[in-house]
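Inspection log for the structure reproduced underneath, given as structure tokens.
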Amino acid sequence: MSGERHRIIPVLLLSGQGLVKTRKFRDPTYLGDPVNTVRIFNDMEVDEIVLLDIRATLDERPPQFELLRRIGEEALFPLAYGGGVKRIEDATSIIESGFERVVVNTACYTNPNFVRNMCRELGASTVVAAMDFKTRWLRDSSVFVKGGRVPVRGSVIDWARRLEDLGVGEIMVNAIDRDGEMSGYDTELIGKVASAVSVPVIACGGASSFAEMKSAFDVGAAAAAGGAVFVFKGKHRGVLIQYPRANERESLI
């Protein structure tokens with residue numbers, strides 16, 4: 001997306017009332033209270049944060065609107081939320097809680113008409129489609145929904161184009177098998193998706209350092225996202241909230 005400023009986005013995972021970080025969508029490590037974490041990120045002047053409730057869809061429950069309201073009141077930066085959004089009323093309540101965008105994933109598979117209608121009613125720029133994929137041995141990468149448990153037929157590129165056809169304003173491409181591993185982005189696939197669609201692409205899954213985020217921008221991503229790189233420090237993965245300083249960001253974006 002030429003002419004647009006690249007963004008660097010922490011992705012925070014909500015489980016119950018607390019934040020966690022997973023590895024390959026499993027083995028969650030508790031990080032802390034989401035409101036306190038938002039306060040820390042306020043001081044770091046982050047571009048944006050994506051908050052994903054990883055239990056909402058699996059537990060078949062709606063978003064935690066009261067918690068989202070408290071987070072929205074605290075944040076001094078743009079917020080996006082995903083998890084358990086099944087009705088336009090849910091999306092509207094999220095926006096009214098102080099979030100700028102709504103992230104949908106499984107609903108794109110189970111109820112595409114709902115996503116299409118939400119894009120029309122709230123505007124494309126309000127809706128982000130998250131696309132989780134795995135690269136399987138001796139096979140092409142495949143898209144999965146419902147927390148990485150249910151495969152979707154067709155290629156990753158086919159699914160990305162279907163998401164674009166629904167009218168979403170952005171697509172977040174997330175590598176399940178790199179989640180929390182800090183092993184590097186799948187830049188080959190990110191580049192293919194970015195070339196196949198006209199909407200901005202967010203790269204996610206595997207970021208090993210802030211410096212490496214430039215590799216996502218180099219293959220066409222509009223934003224570089226991650227989880228572990230923003231919350232862990234050192235080989236023992238001690239919990240430490242961090243974000244690149246202003247001079248570091250200038251060298252990346």
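We name chains A, B, ... following the order of the structure tokens; residues begin at 1 in each chain, and ligands are numbered from 1 as shown.
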
Q.
Which residues are close to Ser15 in chain A, i.e. within 10 Å by only C-alpha atoms, leaving aside same-chain residues fewer than 6 positions away? Reply as a list in words.
A.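 Listing them by chain and then by number gives Lys21, Pro28, Tyr30, Leu52, Asp53, Ile54, Arg55 and Ala56 of chain A.
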
May I have the residues from that selection written out with C-alpha atoms, as a PDB file, in the first residue's frame?
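Listed below is the output, out.pdb:
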```pdb
ATOM      1  CA  LYS A  21       0.281 -15.703  25.301  1.00  0.00           C
ATOM      2  CA  PRO A  28      -1.230 -20.258  27.326  1.00  0.00           C
ATOM      3  CA  TYR A  30      -0.584 -15.795  31.919  1.00  0.00           C
ATOM      4  CA  LEU A  52      -8.534 -11.180  20.662  1.00  0.00           C
ATOM      5  CA  ASP A  53     -10.687 -13.170  23.085  1.00  0.00           C
ATOM      6  CA  ILE A  54      -9.452 -16.682  22.304  1.00  0.00           C
ATOM      7  CA  ARG A  55     -12.204 -18.447  24.286  1.00  0.00           C
ATOM      8  CA  ALA A  56     -15.313 -16.553  23.182  1.00  0.00           C
TER       9      ALA A  56
END
```

All residues 8 Å or closer to range 196-205 of chain A, only C-alpha atoms, same chain fewer than 6 positions away omitted, as a PDB file with N, CA and C atoms, in the first residue's frame:
```pdb
ATOM      1  N   MET A   1       0.849  -1.185   0.000  1.00  0.00           N
ATOM      2  CA  MET A   1       0.000   0.000   0.000  1.00  0.00           C
ATOM      3  C   MET A   1       0.886   1.237   0.000  1.00  0.00           C
ATOM      4  N   ILE A 157      -4.708 -18.395  -0.691  1.00  0.00           N
ATOM      5  CA  ILE A 157      -4.985 -17.282  -1.606  1.00  0.00           C
ATOM      6  C   ILE A 157      -6.465 -17.236  -1.961  1.00  0.00           C
ATOM      7  N   ALA A 160      -8.249 -15.750   1.015  1.00  0.00           N
ATOM      8  CA  ALA A 160      -7.992 -14.309   1.130  1.00  0.00           C
ATOM      9  C   ALA A 160      -8.866 -13.530   0.148  1.00  0.00           C
ATOM     10  N   ARG A 161      -9.005 -14.038  -1.059  1.00  0.00           N
ATOM     11  CA  ARG A 161      -9.851 -13.364  -2.054  1.00  0.00           C
ATOM     12  C   ARG A 161     -11.325 -13.420  -1.663  1.00  0.00           C
ATOM     13  N   GLU A 164     -11.829 -10.724   0.892  1.00  0.00           N
ATOM     14  CA  GLU A 164     -11.897  -9.421   0.223  1.00  0.00           C
ATOM     15  C   GLU A 164     -13.262  -9.220  -0.412  1.00  0.00           C
ATOM     16  N   VAL A 168     -14.369  -6.751   3.578  1.00  0.00           N
ATOM     17  CA  VAL A 168     -13.565  -6.328   4.733  1.00  0.00           C
ATOM     18  C   VAL A 168     -12.535  -5.293   4.309  1.00  0.00           C
ATOM     19  N   GLY A 169     -12.112  -4.472   5.266  1.00  0.00           N
ATOM     20  CA  GLY A 169     -11.168  -3.415   4.960  1.00  0.00           C
ATOM     21  C   GLY A 169      -9.727  -3.814   5.093  1.00  0.00           C
ATOM     22  N   GLU A 170      -9.465  -4.950   5.753  1.00  0.00           N
ATOM     23  CA  GLU A 170      -8.088  -5.387   5.988  1.00  0.00           C
ATOM     24  C   GLU A 170      -8.101  -6.872   6.317  1.00  0.00           C
ATOM     25  N   ILE A 171      -6.991  -7.557   6.015  1.00  0.00           N
ATOM     26  CA  ILE A 171      -6.867  -8.982   6.304  1.00  0.00           C
ATOM     27  C   ILE A 171      -5.627  -9.209   7.152  1.00  0.00           C
ATOM     28  N   MET A 172      -5.799  -9.869   8.297  1.00  0.00           N
ATOM     29  CA  MET A 172      -4.670 -10.228   9.146  1.00  0.00           C
ATOM     30  C   MET A 172      -4.300 -11.683   8.887  1.00  0.00           C
ATOM     31  N   VAL A 173      -3.098 -11.906   8.415  1.00  0.00           N
ATOM     32  CA  VAL A 173      -2.623 -13.236   8.034  1.00  0.00           C
ATOM     33  C   VAL A 173      -1.766 -13.778   9.178  1.00  0.00           C
ATOM     34  N   ASN A 174      -2.233 -14.845   9.817  1.00  0.00           N
ATOM     35  CA  ASN A 174      -1.606 -15.325  11.047  1.00  0.00           C
ATOM     36  C   ASN A 174      -1.162 -16.779  10.909  1.00  0.00           C
ATOM     37  N   ALA A 175       0.127 -17.052  11.117  1.00  0.00           N
ATOM     38  CA  ALA A 175       0.690 -18.395  10.998  1.00  0.00           C
ATOM     39  C   ALA A 175       0.556 -19.151  12.319  1.00  0.00           C
ATOM     40  N   ILE A 176      -0.319 -20.151  12.356  1.00  0.00           N
ATOM     41  CA  ILE A 176      -0.554 -20.914  13.582  1.00  0.00           C
ATOM     42  C   ILE A 176       0.719 -21.612  14.044  1.00  0.00           C
ATOM     43  N   ASP A 177       1.441 -22.230  13.124  1.00  0.00           N
ATOM     44  CA  ASP A 177       2.610 -22.999  13.516  1.00  0.00           C
ATOM     45  C   ASP A 177       3.807 -22.125  13.885  1.00  0.00           C
ATOM     46  N   ARG A 178       3.688 -20.819  13.753  1.00  0.00           N
ATOM     47  CA  ARG A 178       4.740 -19.901  14.189  1.00  0.00           C
ATOM     48  C   ARG A 178       4.316 -19.085  15.405  1.00  0.00           C
ATOM     49  N   ASP A 179       3.054 -19.228  15.807  1.00  0.00           N
ATOM     50  CA  ASP A 179       2.507 -18.457  16.922  1.00  0.00           C
ATOM     51  C   ASP A 179       3.336 -18.649  18.190  1.00  0.00           C
ATOM     52  N   GLY A 180       3.882 -17.554  18.723  1.00  0.00           N
ATOM     53  CA  GLY A 180       4.644 -17.600  19.959  1.00  0.00           C
ATOM     54  C   GLY A 180       6.019 -18.203  19.858  1.00  0.00           C
ATOM     55  N   MET A 182       8.521 -17.166  17.835  1.00  0.00           N
ATOM     56  CA  MET A 182       9.547 -16.165  17.514  1.00  0.00           C
ATOM     57  C   MET A 182      10.573 -16.723  16.525  1.00  0.00           C
ATOM     58  N   GLY A 184      10.315 -16.212  13.110  1.00  0.00           N
ATOM     59  CA  GLY A 184      10.304 -15.440  11.880  1.00  0.00           C
ATOM     60  C   GLY A 184       8.978 -15.523  11.154  1.00  0.00           C
ATOM     61  N   TYR A 185       8.625 -14.445  10.457  1.00  0.00           N
ATOM     62  CA  TYR A 185       7.406 -14.433   9.650  1.00  0.00           C
ATOM     63  C   TYR A 185       7.521 -15.391   8.468  1.00  0.00           C
ATOM     64  N   ASP A 186       6.398 -15.866   7.983  1.00  0.00           N
ATOM     65  CA  ASP A 186       6.340 -16.589   6.715  1.00  0.00           C
ATOM     66  C   ASP A 186       6.204 -15.537   5.614  1.00  0.00           C
ATOM     67  N   ILE A 190       3.038 -14.321   3.110  1.00  0.00           N
ATOM     68  CA  ILE A 190       2.537 -12.959   3.318  1.00  0.00           C
ATOM     69  C   ILE A 190       2.616 -12.170   2.021  1.00  0.00           C
ATOM     70  N   ALA A 216       8.349  -7.987   6.795  1.00  0.00           N
ATOM     71  CA  ALA A 216       6.940  -8.042   6.404  1.00  0.00           C
ATOM     72  C   ALA A 216       6.577  -6.865   5.516  1.00  0.00           C
ATOM     73  N   GLY A 220       5.206  -6.386   1.192  1.00  0.00           N
ATOM     74  CA  GLY A 220       3.925  -5.782   0.865  1.00  0.00           C
ATOM     75  C   GLY A 220       2.928  -5.651   1.990  1.00  0.00           C
ATOM     76  N   ALA A 221       3.272  -6.079   3.211  1.00  0.00           N
ATOM     77  CA  ALA A 221       2.339  -5.932   4.326  1.00  0.00           C
ATOM     78  C   ALA A 221       2.212  -4.463   4.713  1.00  0.00           C
ATOM     79  N   ALA A 222       0.993  -4.060   5.072  1.00  0.00           N
ATOM     80  CA  ALA A 222       0.759  -2.695   5.525  1.00  0.00           C
ATOM     81  C   ALA A 222       1.052  -2.543   7.006  1.00  0.00           C
ATOM     82  N   ALA A 223       1.012  -3.670   7.734  1.00  0.00           N
ATOM     83  CA  ALA A 223       1.257  -3.644   9.173  1.00  0.00           C
ATOM     84  C   ALA A 223       1.957  -4.929   9.580  1.00  0.00           C
ATOM     85  N   ALA A 224       2.796  -4.823  10.604  1.00  0.00           N
ATOM     86  CA  ALA A 224       3.478  -5.985  11.166  1.00  0.00           C
ATOM     87  C   ALA A 224       2.982  -6.160  12.593  1.00  0.00           C
ATOM     88  N   ALA A 225       2.404  -7.320  12.876  1.00  0.00           N
ATOM     89  CA  ALA A 225       1.845  -7.588  14.194  1.00  0.00           C
ATOM     90  C   ALA A 225       2.589  -8.736  14.845  1.00  0.00           C
ATOM     91  N   GLY A 226       2.397  -8.868  16.148  1.00  0.00           N
ATOM     92  CA  GLY A 226       3.021  -9.955  16.874  1.00  0.00           C
ATOM     93  C   GLY A 226       2.524 -10.007  18.294  1.00  0.00           C
ATOM     94  N   GLY A 227       2.891 -11.070  18.979  1.00  0.00           N
ATOM     95  CA  GLY A 227       2.507 -11.229  20.365  1.00  0.00           C
ATOM     96  C   GLY A 227       3.705 -11.354  21.279  1.00  0.00           C
TER      97      GLY A 227
END
```

Q: Would you kindly return, as a PyMOL selection string, each protein, DNA or RNA residue with an atom no farther than 10 Å from any atom of range 144-148 of chain A, considering only C-alpha atoms and excluding same-chain residues fewer than 3 positions away?
A: chain A and resi 24-26+54-58+105-110+130-134+141+151-153+156+176-177

Q: Can you pull out every residue within 9 Å of Ala80 in chain A, counting only C-alpha atoms, but drop anything in the same chain fewer than 2 positions away, and send it as a PyMOL selection string?
A: chain A and resi 48-52+78+82+94-95+99-103+126-128

Selected residues written out, N, CA and C atoms, as a PDB file, in the first residue's frame:
```pdb
ATOM      1  N   GLU A  48      -1.357   0.909  17.448  1.00  0.00           N
ATOM      2  CA  GLU A  48      -2.666   0.265  17.531  1.00  0.00           C
ATOM      3  C   GLU A  48      -2.480  -1.029  18.304  1.00  0.00           C
ATOM      4  N   ILE A  49      -3.538  -1.548  18.904  1.00  0.00           N
ATOM      5  CA  ILE A  49      -3.493  -2.870  19.524  1.00  0.00           C
ATOM      6  C   ILE A  49      -4.699  -3.675  19.059  1.00  0.00           C
ATOM      7  N   VAL A  50      -4.462  -4.949  18.782  1.00  0.00           N
ATOM      8  CA  VAL A  50      -5.528  -5.896  18.476  1.00  0.00           C
ATOM      9  C   VAL A  50      -5.710  -6.777  19.706  1.00  0.00           C
ATOM     10  N   LEU A  51      -6.932  -6.833  20.209  1.00  0.00           N
ATOM     11  CA  LEU A  51      -7.280  -7.653  21.363  1.00  0.00           C
ATOM     12  C   LEU A  51      -8.189  -8.778  20.891  1.00  0.00           C
ATOM     13  N   LEU A  52      -7.767 -10.024  21.110  1.00  0.00           N
ATOM     14  CA  LEU A  52      -8.534 -11.180  20.662  1.00  0.00           C
ATOM     15  C   LEU A  52      -8.906 -12.046  21.852  1.00  0.00           C
ATOM     16  N   PRO A  78      -5.648   3.568  18.957  1.00  0.00           N
ATOM     17  CA  PRO A  78      -6.722   2.795  18.315  1.00  0.00           C
ATOM     18  C   PRO A  78      -6.721   1.339  18.776  1.00  0.00           C
ATOM     19  N   GLY A  82     -11.570  -8.803  18.529  1.00  0.00           N
ATOM     20  CA  GLY A  82     -12.171  -9.965  17.908  1.00  0.00           C
ATOM     21  C   GLY A  82     -12.469 -11.043  18.923  1.00  0.00           C
ATOM     22  N   ILE A  94     -19.234  -2.939  20.574  1.00  0.00           N
ATOM     23  CA  ILE A  94     -17.770  -2.879  20.662  1.00  0.00           C
ATOM     24  C   ILE A  94     -17.269  -1.500  20.245  1.00  0.00           C
ATOM     25  N   ILE A  95     -17.800  -0.985  19.161  1.00  0.00           N
ATOM     26  CA  ILE A  95     -17.409   0.354  18.703  1.00  0.00           C
ATOM     27  C   ILE A  95     -17.794   1.402  19.750  1.00  0.00           C
ATOM     28  N   PHE A  99     -13.639   1.018  20.832  1.00  0.00           N
ATOM     29  CA  PHE A  99     -12.825   0.319  19.838  1.00  0.00           C
ATOM     30  C   PHE A  99     -13.139   0.870  18.449  1.00  0.00           C
ATOM     31  N   GLU A 100     -12.123   0.939  17.613  1.00  0.00           N
ATOM     32  CA  GLU A 100     -12.322   1.479  16.266  1.00  0.00           C
ATOM     33  C   GLU A 100     -12.651   0.409  15.238  1.00  0.00           C
ATOM     34  N   ARG A 101     -12.207  -0.825  15.515  1.00  0.00           N
ATOM     35  CA  ARG A 101     -12.402  -1.866  14.510  1.00  0.00           C
ATOM     36  C   ARG A 101     -12.789  -3.183  15.168  1.00  0.00           C
ATOM     37  N   VAL A 102     -13.465  -4.011  14.380  1.00  0.00           N
ATOM     38  CA  VAL A 102     -13.918  -5.328  14.819  1.00  0.00           C
ATOM     39  C   VAL A 102     -13.229  -6.381  13.966  1.00  0.00           C
ATOM     40  N   VAL A 103     -12.692  -7.399  14.617  1.00  0.00           N
ATOM     41  CA  VAL A 103     -11.996  -8.487  13.930  1.00  0.00           C
ATOM     42  C   VAL A 103     -12.911  -9.699  13.871  1.00  0.00           C
ATOM     43  N   THR A 126     -13.968  -0.516   9.217  1.00  0.00           N
ATOM     44  CA  THR A 126     -14.243  -0.939  10.590  1.00  0.00           C
ATOM     45  C   THR A 126     -14.022  -2.432  10.780  1.00  0.00           C
ATOM     46  N   VAL A 127     -13.942  -3.197   9.693  1.00  0.00           N
ATOM     47  CA  VAL A 127     -13.925  -4.662   9.789  1.00  0.00           C
ATOM     48  C   VAL A 127     -12.600  -5.232   9.289  1.00  0.00           C
ATOM     49  N   VAL A 128     -11.974  -6.035  10.153  1.00  0.00           N
ATOM     50  CA  VAL A 128     -10.745  -6.754   9.817  1.00  0.00           C
ATOM     51  C   VAL A 128     -11.052  -8.244   9.810  1.00  0.00           C
TER      52      VAL A 128
END
```

Q: Could you tell me which of A:Tyr243, A:Phe210, A:Phe230, A:Phe65 comes closest to Thr92 in chain A if we count only C-alpha atoms?
A: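 Among the listed residues, the smallest separation from Thr92 in chain A belongs to A:Phe65.
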
Q | Residues flagged alpha helix (DSSP H) by DSSP in range 33-189 of chain A, as a ChimeraX atom specification | A | /A:34-44,65-74,88-96,107-110,112-122,156-166,187-189
